[in-house]
Amino acid sequence: MSRYMILIYEDEASYATATPEVMGEIYQEHDRFSAGVEQLGAKILGGEALEPTPTATSVRGGDVTDGPFVETKEALGGYYVIDAPDLDTALAVARTVPARFGGVEVRPVMVFD
Amino acid sequence: MTADPDADAVAAAVADAHRREWAFVLAATVRVTRDLDVAEECVQEAFAAALTEWRTAGVPARPGAWLTTVARRRALNVLRHSGVERRHLPLLVEEEVAPDPRDDGAHGYPDDRLRLVVTCCHPALDRPAQVALTLRLLCGLTTAEVARAFLVSEPTMAARLTRAKKKIAVARIPYRVPPPAELPARVDAVLAVVHLLFTTGHTVPAGEELVRRDLVERALQLCRMLRGLLPGDPAVAGLLALLLLTDARRDTRTADDGRLLLLEEQDRARWDGAAIAEGVALVREALRARPPSRYALQAAIAAVHAEAPTWADTDWREIVALYGVLTSVWPSPVVALNRAVAVGFASGPAAGLAALDALAAEPQLAGYGYLPAARADLLRRLGRVAEAREAYGEALLLTGNAVERDFLARRLAELD
C-alpha cells in the first residue's frame, strides 16, 4: 500500500455564499464519501477541512504576511490522506471526493527508506 | 538455425527483430525487473549480444524467444547482484493474479505488451510524455530518435522521459491491464497517441518534407500490434482502417518535383490497392459498433474517397452525411471545418463558404492554417479574387510546412 494526499481546491466565494441547505448536502457528501472508500480498496488515514484563506498567515524567512502563500481563485480548502495499492485506486477514490466548487489533486506521499 | 550467416545478414536479422520484437521482449522483461530503466538496459544488452552470438551460433528460429530469454536472464542477474544499487526508483506495481492463460505469447512467455502500452499512455501522464514513452518503450527508438521525431533537443527529450518514468514509479501507476470496464477509455488514450504519431508523420507540422515516413511506419506498426492484442475492439479496427486508407495515397501526394498534389490531381491508379482493400474491410467491421468510433467514421470518409474511381465520381453527399455523424460522436471545430469543405463540393462554394464562415469565431481554430486555406479556395472558386488573395496570405502566415507553403504561394500567384 502507498500513501496519497488528496488536496481539495475549491472556489472559496462559492462556499461563502452557499445556503445552509447546500452546506448540509456537502457535509452529507463527505460522510458518504468516507463510507465508500474501503469498497474501492483504499483506506482513509486522515483528513481535515481548513478555514478559508483570509484567515491564513504566510511566513517566508523572517517575514510574516497576511494571507495564503499563493493567491488563487481556487484555494486549498481541505485534504484527505489515504492508503491505496496504486495510483488507479487513488484516482478512483479522488473521483468520489466531494468538490463541487473545484477539484482535487492527488500527490504520492514521500517514502523515506 | 541458419548456418554461418555473414555479418550483414546477422545485422539485418537483429534489426528486423528489433522492429518486430522490441516491445514483446521489453514488456516480458519489465515483469521480471519491475523497473523500466533496468529492463531497458537488459533488453539493449540482449540485442547487443545477438549481434555477436548469432554470428557464431546462427540466427535462432524464434529470435523473440531468444532475446526474451537472454534479457530476462540478465535481469535476474542484475536483481541478484546489484539490484538495490542500480534501482533508484520504487518497484512498479504489478497485479497479483495468475497470468492469463490466453496470453501464452508466441515465445513461451506471457505477452505483456498491452500492459506496457496502457501504462505508457496512462491518463496521469500528459500527451507529450505518453508519446515519448510509447516511442521509446514500445518502438524501441533511442532518446535521440524520439527527440528528432518531435523537433526537441536530446536533453529535453531525455528529461521528459526521465520525468515520466519517475512519475510511473513514484506515483505507482500500475503495470497492468485495467479491468474491462476501464479498458475502453484507456485504449482510447493509446489510440490518440498512435493517431497523433501518424498525423505528425503524415503532414509534418514544420519542415521541408511533407511526410515523415518513419513516424508513419511506427504508427502503422503500433496500430497493427494493437489490432493483434485487441482483435475485437472496433475503435482499434477503425483507427487501423483510417491509417491504411490515408497512407494508401502516400506516393501520389507530391509530384516528381516535390510539388503538393491535391486529391483532385492525384493519380488514383497509383494508390495502394492492397492497403485500400484491407482498410475498407476494417471500416465495415468498425462501423458495426454503436455508436461508431470517431476513427471508424473518419475511415469511412477516407474509404469513400478511396473507392471513387475519379475525383468527379466522389460521393460528396455521402461524405457530408458522414461528417454529420462524426460531429455528433466527436464534436470538434476541425471536423466542422472539414464538413464545410465537403459542403463546398456537394452543394457549391457559396454553401461551403456559409458553413465555413459560421466557424470564424471558433477559438480553437484561431491560428489554424487550414481555415484560411479552405476559405481562400472557396473564394477563388467564387471568383472573389481580392478576398481570396487576402485569405491565401493569411494561410501562408500560419503554415509551417514548406510543401504546403509552396502550394499556397502558387495558388496565390495564379490569381493574378
# chains A, B, ... in the order shown; residues from 1 in each chain; ligands from 1
>>> closest_atom_pairs(of="chain B", to="chain A", cutoff="8 Å", atoms="only C-alpha atoms", output="tab-separated table")
residue	atom	partner	partner_atom	distance
B:Val93	CA	A:Asp86	CA	6.8
B:Val170	CA	A:Pro108	CA	7.1
B:Ala171	CA	A:Pro108	CA	5.4
B:Arg172	CA	A:Asp86	CA	5.1
B:Ile173	CA	A:Leu87	CA	5.1
B:Pro174	CA	A:Asp86	CA	6.0
>>> residues_around(residues="Pro52 (chain A)", least_positions_apart="3", cutoff="8 Å", atoms="only C-alpha atoms", output="NGL selection string")
:A and (12 or 55-56 or 77)
>>> write_last_selection(atoms="N, CA, C and O atoms", output="short mmCIF file (atom, residue, chain, number, x, y, z; two decimals), in the first residue's frame")
data_model
loop_
_atom_site.label_atom_id
_atom_site.label_comp_id
_atom_site.auth_asym_id
_atom_site.auth_seq_id
_atom_site.Cartn_x
_atom_site.Cartn_y
_atom_site.Cartn_z
N GLU A 12 -13.56 29.59 -2.94
CA GLU A 12 -13.99 29.95 -1.59
C GLU A 12 -15.24 30.82 -1.61
O GLU A 12 -16.07 30.73 -0.72
N THR A 55 -8.04 33.76 6.64
CA THR A 55 -7.52 33.51 7.98
C THR A 55 -6.07 33.05 7.95
O THR A 55 -5.45 32.80 8.97
N ALA A 56 -5.52 32.89 6.72
CA ALA A 56 -4.16 32.34 6.59
C ALA A 56 -3.10 33.39 6.87
O ALA A 56 -3.32 34.58 6.66
N GLY A 77 -8.57 23.93 0.45
CA GLY A 77 -9.57 24.09 1.50
C GLY A 77 -9.70 22.87 2.38
O GLY A 77 -10.48 22.88 3.34
#
>>> select_by_dssp(residues="region 97-221 of chain B", states="alpha helix (DSSP H)", output="PyMOL selection string")
chain B and resi 113-120+127-133+143-149+154-170+183-202+213-221
>>> residues_around(residues="region 203-211 of chain B", least_positions_apart="6", cutoff="9 Å", atoms="only C-alpha atoms", output="ChimeraX atom specification")
/B:250,253-254,258,260,399-404
>>> atom_distance(atom1="CA of Ile26 (chain A)", atom2="CA of Ile6 (chain A)")
17.0 Å
>>> closest_residue(among="B:Leu135, B:Ala169, B:Glu307, B:Val38", to="Ser82 (chain B)", atoms="only C-alpha atoms")
B:Val38
>>> select_by_dssp(residues="region 162-297 of chain B", states="strand (DSSP E or B)", output="PyMOL selection string")
chain B and resi 175+207+254+260
>>> atom_distance(atom1="CA of Pro372 (chain B)", atom2="CA of Arg405 (chain B)")
12.8 Å
>>> residues_around(residues="Arg411 (chain B)", least_positions_apart="2", cutoff="12 Å", atoms="only C-alpha atoms", output="JSON list (two decimals) with all heavy atoms, in the first residue's frame")
[["chain", "number", "residue", "atom", "x", "y", "z"],
["B", 260, "LEU", "N", 3.05, 19.80, -54.03],
["B", 260, "LEU", "CA", 1.89, 19.16, -53.40],
["B", 260, "LEU", "C", 0.81, 18.89, -54.45],
["B", 260, "LEU", "O", 0.49, 19.77, -55.26],
["B", 260, "LEU", "CB", 1.31, 20.08, -52.32],
["B", 260, "LEU", "CG", 0.12, 19.55, -51.52],
["B", 260, "LEU", "CD1", 0.57, 18.47, -50.55],
["B", 260, "LEU", "CD2", -0.56, 20.68, -50.74],
["B", 262, "LEU", "N", -3.17, 17.85, -54.88],
["B", 262, "LEU", "CA", -4.43, 17.69, -54.18],
["B", 262, "LEU", "C", -5.07, 16.36, -54.58],
["B", 262, "LEU", "O", -4.73, 15.79, -55.62],
["B", 262, "LEU", "CB", -5.37, 18.84, -54.53],
["B", 262, "LEU", "CG", -4.91, 20.22, -54.11],
["B", 262, "LEU", "CD1", -5.95, 21.26, -54.49],
["B", 262, "LEU", "CD2", -4.64, 20.27, -52.62],
["B", 373, "ALA", "N", -6.96, 28.66, -45.48],
["B", 373, "ALA", "CA", -6.65, 27.97, -46.73],
["B", 373, "ALA", "C", -7.94, 27.47, -47.39],
["B", 373, "ALA", "O", -8.13, 27.61, -48.60],
["B", 373, "ALA", "CB", -5.69, 26.81, -46.47],
["B", 376, "ALA", "N", -9.87, 30.49, -48.64],
["B", 376, "ALA", "CA", -9.26, 31.03, -49.85],
["B", 376, "ALA", "C", -9.72, 30.24, -51.07],
["B", 376, "ALA", "O", -10.05, 30.81, -52.11],
["B", 376, "ALA", "CB", -7.73, 30.98, -49.72],
["B", 377, "ASP", "N", -9.75, 28.91, -50.93],
["B", 377, "ASP", "CA", -10.13, 28.08, -52.07],
["B", 377, "ASP", "C", -11.58, 28.34, -52.48],
["B", 377, "ASP", "O", -11.90, 28.44, -53.68],
["B", 377, "ASP", "CB", -9.92, 26.60, -51.73],
["B", 377, "ASP", "CG", -10.10, 25.74, -52.97],
["B", 377, "ASP", "OD1", -9.33, 25.94, -53.93],
["B", 377, "ASP", "OD2", -11.03, 24.90, -52.99],
["B", 379, "LEU", "N", -13.36, 31.08, -51.95],
["B", 379, "LEU", "CA", -13.44, 32.43, -52.52],
["B", 379, "LEU", "C", -12.90, 32.44, -53.95],
["B", 379, "LEU", "O", -13.46, 33.07, -54.84],
["B", 379, "LEU", "CB", -12.66, 33.41, -51.64],
["B", 379, "LEU", "CG", -13.29, 33.73, -50.28],
["B", 379, "LEU", "CD1", -12.29, 34.41, -49.36],
["B", 379, "LEU", "CD2", -14.55, 34.61, -50.45],
["B", 380, "ARG", "N", -11.80, 31.70, -54.17],
["B", 380, "ARG", "CA", -11.22, 31.58, -55.51],
["B", 380, "ARG", "C", -12.24, 31.00, -56.47],
["B", 380, "ARG", "O", -12.46, 31.52, -57.57],
["B", 380, "ARG", "CB", -9.98, 30.68, -55.44],
["B", 380, "ARG", "CG", -9.29, 30.40, -56.76],
["B", 380, "ARG", "CD", -8.17, 29.37, -56.59],
["B", 380, "ARG", "NE", -8.67, 28.05, -56.22],
["B", 380, "ARG", "CZ", -9.10, 27.12, -57.08],
["B", 380, "ARG", "NH1", -9.07, 27.37, -58.37],
["B", 380, "ARG", "NH2", -9.56, 25.96, -56.67],
["B", 381, "ARG", "N", -12.92, 29.92, -56.03],
["B", 381, "ARG", "CA", -13.90, 29.29, -56.91],
["B", 381, "ARG", "C", -15.11, 30.18, -57.16],
["B", 381, "ARG", "O", -15.81, 30.04, -58.16],
["B", 381, "ARG", "CB", -14.32, 27.93, -56.33],
["B", 381, "ARG", "CG", -13.20, 26.88, -56.50],
["B", 381, "ARG", "CD", -13.33, 25.72, -55.55],
["B", 381, "ARG", "NE", -14.60, 25.06, -55.62],
["B", 381, "ARG", "CZ", -15.11, 24.31, -54.64],
["B", 381, "ARG", "NH1", -14.44, 24.14, -53.51],
["B", 381, "ARG", "NH2", -16.28, 23.74, -54.77],
["B", 385, "VAL", "N", -11.73, 37.45, -56.06],
["B", 385, "VAL", "CA", -10.27, 37.39, -56.12],
["B", 385, "VAL", "C", -9.59, 38.15, -54.97],
["B", 385, "VAL", "O", -8.66, 37.63, -54.33],
["B", 385, "VAL", "CB", -9.78, 37.90, -57.49],
["B", 385, "VAL", "CG1", -8.26, 37.96, -57.54],
["B", 385, "VAL", "CG2", -10.31, 37.01, -58.60],
["B", 388, "ALA", "N", -9.94, 36.30, -51.78],
["B", 388, "ALA", "CA", -9.17, 35.06, -51.86],
["B", 388, "ALA", "C", -7.70, 35.35, -51.61],
["B", 388, "ALA", "O", -7.02, 34.63, -50.88],
["B", 388, "ALA", "CB", -9.36, 34.39, -53.22],
["B", 389, "ARG", "N", -7.22, 36.44, -52.24],
["B", 389, "ARG", "CA", -5.81, 36.80, -52.10],
["B", 389, "ARG", "C", -5.48, 37.03, -50.62],
["B", 389, "ARG", "O", -4.47, 36.54, -50.11],
["B", 389, "ARG", "CB", -5.55, 38.06, -52.93],
["B", 389, "ARG", "CG", -4.09, 38.35, -53.16],
["B", 389, "ARG", "CD", -3.90, 39.50, -54.14],
["B", 389, "ARG", "NE", -4.08, 39.10, -55.52],
["B", 389, "ARG", "CZ", -4.78, 39.78, -56.43],
["B", 389, "ARG", "NH1", -5.43, 40.86, -56.08],
["B", 389, "ARG", "NH2", -4.86, 39.34, -57.66],
["B", 390, "GLU", "N", -6.36, 37.75, -49.96],
["B", 390, "GLU", "CA", -6.15, 38.04, -48.54],
["B", 390, "GLU", "C", -6.12, 36.75, -47.71],
["B", 390, "GLU", "O", -5.26, 36.57, -46.85],
["B", 390, "GLU", "CB", -7.30, 38.94, -48.06],
["B", 390, "GLU", "CG", -7.01, 39.74, -46.82],
["B", 390, "GLU", "CD", -8.19, 40.64, -46.50],
["B", 390, "GLU", "OE1", -8.73, 41.27, -47.44],
["B", 390, "GLU", "OE2", -8.59, 40.67, -45.33],
["B", 391, "ALA", "N", -7.04, 35.82, -48.02],
["B", 391, "ALA", "CA", -7.11, 34.57, -47.26],
["B", 391, "ALA", "C", -5.87, 33.70, -47.51],
["B", 391, "ALA", "O", -5.34, 33.08, -46.58],
["B", 391, "ALA", "CB", -8.38, 33.80, -47.64],
["B", 392, "TYR", "N", -5.38, 33.66, -48.77],
["B", 392, "TYR", "CA", -4.14, 32.91, -49.04],
["B", 392, "TYR", "C", -2.98, 33.48, -48.25],
["B", 392, "TYR", "O", -2.14, 32.75, -47.71],
["B", 392, "TYR", "CB", -3.81, 32.89, -50.54],
["B", 392, "TYR", "CG", -4.57, 31.84, -51.31],
["B", 392, "TYR", "CD1", -5.44, 32.18, -52.35],
["B", 392, "TYR", "CD2", -4.42, 30.49, -50.99],
["B", 392, "TYR", "CE1", -6.15, 31.22, -53.05],
["B", 392, "TYR", "CE2", -5.11, 29.51, -51.69],
["B", 392, "TYR", "CZ", -5.98, 29.89, -52.71],
["B", 392, "TYR", "OH", -6.67, 28.93, -53.39],
["B", 393, "GLY", "N", -2.94, 34.83, -48.18],
["B", 393, "GLY", "CA", -1.86, 35.48, -47.42],
["B", 393, "GLY", "C", -1.91, 35.07, -45.96],
["B", 393, "GLY", "O", -0.88, 34.74, -45.35],
["B", 395, "ALA", "N", -3.29, 32.32, -44.73],
["B", 395, "ALA", "CA", -2.94, 30.90, -44.63],
["B", 395, "ALA", "C", -1.43, 30.71, -44.67],
["B", 395, "ALA", "O", -0.86, 29.91, -43.92],
["B", 395, "ALA", "CB", -3.61, 30.11, -45.75],
["B", 396, "LEU", "N", -0.76, 31.47, -45.53],
["B", 396, "LEU", "CA", 0.70, 31.36, -45.65],
["B", 396, "LEU", "C", 1.38, 31.71, -44.33],
["B", 396, "LEU", "O", 2.37, 31.08, -43.95],
["B", 396, "LEU", "CB", 1.20, 32.29, -46.76],
["B", 396, "LEU", "CG", 1.26, 31.67, -48.15],
["B", 396, "LEU", "CD1", 1.45, 32.76, -49.20],
["B", 396, "LEU", "CD2", 2.39, 30.65, -48.24],
["B", 404, "GLU", "N", 3.47, 22.60, -48.28],
["B", 404, "GLU", "CA", 2.15, 23.24, -48.25],
["B", 404, "GLU", "C", 2.25, 24.74, -48.54],
["B", 404, "GLU", "O", 1.39, 25.32, -49.21],
["B", 404, "GLU", "CB", 1.49, 23.00, -46.88],
["B", 404, "GLU", "CG", 1.08, 21.55, -46.68],
["B", 404, "GLU", "CD", 0.32, 21.32, -45.39],
["B", 404, "GLU", "OE1", 0.57, 22.02, -44.39],
["B", 404, "GLU", "OE2", -0.56, 20.44, -45.39],
["B", 405, "ARG", "N", 3.32, 25.36, -48.04],
["B", 405, "ARG", "CA", 3.52, 26.79, -48.29],
["B", 405, "ARG", "C", 3.70, 27.06, -49.79],
["B", 405, "ARG", "O", 3.13, 28.00, -50.34],
["B", 405, "ARG", "CB", 4.76, 27.30, -47.55],
["B", 405, "ARG", "CG", 4.61, 27.38, -46.04],
["B", 405, "ARG", "CD", 5.89, 27.89, -45.40],
["B", 405, "ARG", "NE", 6.25, 29.20, -45.95],
["B", 405, "ARG", "CZ", 5.69, 30.35, -45.57],
["B", 405, "ARG", "NH1", 4.78, 30.34, -44.61],
["B", 405, "ARG", "NH2", 6.04, 31.47, -46.12],
["B", 406, "ASP", "N", 4.44, 26.17, -50.42],
["B", 406, "ASP", "CA", 4.68, 26.31, -51.86],
["B", 406, "ASP", "C", 3.36, 26.21, -52.63],
["B", 406, "ASP", "O", 3.10, 26.98, -53.55],
["B", 406, "ASP", "CB", 5.66, 25.19, -52.29],
["B", 406, "ASP", "CG", 5.72, 25.07, -53.79],
["B", 406, "ASP", "OD1", 6.22, 26.03, -54.42],
["B", 406, "ASP", "OD2", 5.25, 24.06, -54.35],
["B", 407, "PHE", "N", 2.50, 25.28, -52.20],
["B", 407, "PHE", "CA", 1.20, 25.13, -52.83],
["B", 407, "PHE", "C", 0.38, 26.42, -52.70],
["B", 407, "PHE", "O", -0.18, 26.92, -53.68],
["B", 407, "PHE", "CB", 0.43, 23.95, -52.21],
["B", 407, "PHE", "CG", -1.02, 23.94, -52.56],
["B", 407, "PHE", "CD1", -1.44, 23.50, -53.81],
["B", 407, "PHE", "CD2", -1.97, 24.40, -51.66],
["B", 407, "PHE", "CE1", -2.79, 23.51, -54.14],
["B", 407, "PHE", "CE2", -3.32, 24.41, -51.99],
["B", 407, "PHE", "CZ", -3.73, 23.97, -53.23],
["B", 408, "LEU", "N", 0.32, 26.96, -51.50],
["B", 408, "LEU", "CA", -0.47, 28.17, -51.26],
["B", 408, "LEU", "C", 0.08, 29.34, -52.07],
["B", 408, "LEU", "O", -0.69, 30.13, -52.65],
["B", 408, "LEU", "CB", -0.47, 28.50, -49.76],
["B", 408, "LEU", "CG", -1.20, 27.51, -48.85],
["B", 408, "LEU", "CD1", -0.87, 27.78, -47.38],
["B", 408, "LEU", "CD2", -2.72, 27.57, -49.08],
["B", 409, "ALA", "N", 1.40, 29.45, -52.12],
["B", 409, "ALA", "CA", 2.02, 30.55, -52.86],
["B", 409, "ALA", "C", 1.69, 30.45, -54.36],
["B", 409, "ALA", "O", 1.42, 31.46, -55.02],
["B", 409, "ALA", "CB", 3.53, 30.54, -52.64],
["B", 413, "ALA", "N", -0.35, 33.11, -56.65],
["B", 413, "ALA", "CA", 0.22, 33.70, -57.88],
["B", 413, "ALA", "C", -0.74, 33.52, -59.05],
["B", 413, "ALA", "O", -0.86, 34.39, -59.92],
["B", 413, "ALA", "CB", 1.57, 33.07, -58.18],
["B", 414, "GLU", "N", -1.46, 32.36, -59.06],
["B", 414, "GLU", "CA", -2.39, 32.09, -60.16],
["B", 414, "GLU", "C", -3.56, 33.08, -60.20],
["B", 414, "GLU", "O", -4.25, 33.19, -61.21],
["B", 414, "GLU", "CB", -2.94, 30.67, -60.05],
["B", 414, "GLU", "CG", -1.96, 29.59, -60.51],
["B", 414, "GLU", "CD", -2.36, 28.20, -60.01],
["B", 414, "GLU", "OE1", -3.52, 28.03, -59.58],
["B", 414, "GLU", "OE2", -1.49, 27.31, -60.05],
["B", 415, "LEU", "N", -3.81, 33.75, -59.08],
["B", 415, "LEU", "CA", -4.93, 34.70, -59.04],
["B", 415, "LEU", "C", -4.64, 35.94, -59.87],
["B", 415, "LEU", "O", -5.57, 36.66, -60.25],
["B", 415, "LEU", "CB", -5.22, 35.11, -57.60],
["B", 415, "LEU", "CG", -5.85, 34.06, -56.69],
["B", 415, "LEU", "CD1", -5.99, 34.59, -55.28],
["B", 415, "LEU", "CD2", -7.22, 33.64, -57.20],
["B", 416, "ASP", "N", -3.36, 36.23, -60.10],
["B", 416, "ASP", "CA", -3.02, 37.47, -60.80],
["B", 416, "ASP", "C", -3.33, 37.37, -62.29],
["B", 416, "ASP", "O", -3.23, 36.32, -62.89],
["B", 416, "ASP", "CB", -1.53, 37.78, -60.61],
["B", 416, "ASP", "CG", -1.24, 38.05, -59.14],
["B", 416, "ASP", "OD1", -2.14, 38.57, -58.46],
["B", 416, "ASP", "OD2", -0.14, 37.70, -58.67]]
>>> closest_residue(among="B:Val78, B:Leu287, B:Ala13, B:Val59", to="Cys42 (chain B)", atoms="only C-alpha atoms")
B:Val78
>>> atom_distance(atom1="CA of Ala275 (chain B)", atom2="CA of Pro292 (chain B)")
21.4 Å
>>> residues_around(residues="region 63-67 of chain A", least_positions_apart="4", cutoff="12 Å", atoms="only C-alpha atoms", output="compact mmCIF listing (two decimals) with C-alpha atoms, in the first residue's frame")
# COMPACT_ATOMS: atom_id res chain seq x y z
CA GLU A 51 -10.65 27.67 7.47
CA PRO A 52 -10.75 29.94 4.38
CA THR A 53 -7.61 31.75 3.16
CA PRO A 54 -8.48 35.17 4.69
CA THR A 55 -7.52 33.51 7.98
CA ALA A 56 -4.16 32.34 6.59
CA THR A 57 -0.80 33.80 7.56
CA SER A 58 2.30 33.17 5.48
CA VAL A 59 5.88 33.15 6.69
CA GLU A 71 -3.41 33.73 -4.16
CA THR A 72 -5.60 31.61 -6.42
CA ALA A 75 -7.71 27.60 -2.90
>>> residues_around(residues="region 140-153 of chain B", least_positions_apart="5", cutoff="8 Å", atoms="only C-alpha atoms", output="PyMOL selection string")
chain B and resi 18-19+22-23+132+135+158+215
>>> write_last_selection(atoms="C-alpha atoms", output="mmCIF file, in the first residue's frame")
data_model
loop_
_atom_site.group_PDB
_atom_site.id
_atom_site.type_symbol
_atom_site.label_atom_id
_atom_site.label_comp_id
_atom_site.auth_asym_id
_atom_site.auth_seq_id
_atom_site.Cartn_x
_atom_site.Cartn_y
_atom_site.Cartn_z
ATOM 1 C CA HIS B 18 14.351 -5.014 -33.080
ATOM 2 C CA ARG B 19 11.462 -3.755 -35.180
ATOM 3 C CA TRP B 22 11.377 -5.000 -29.035
ATOM 4 C CA ALA B 23 8.029 -4.329 -27.334
ATOM 5 C CA ALA B 132 7.681 9.880 -25.886
ATOM 6 C CA LEU B 135 8.163 5.586 -28.997
ATOM 7 C CA ALA B 158 15.772 12.747 -22.019
ATOM 8 C CA LEU B 215 6.709 8.178 -37.941
#
>>> residues_around(residues="Leu222 (chain B)", least_positions_apart="4", cutoff="7 Å", atoms="only C-alpha atoms", output="PyMOL selection string")
chain B and resi 194+218+226
>>> closest_residue(among="B:Arg294, B:Arg20, B:Arg31, B:His202", to="Ala65 (chain B)", atoms="only C-alpha atoms")
B:Arg20
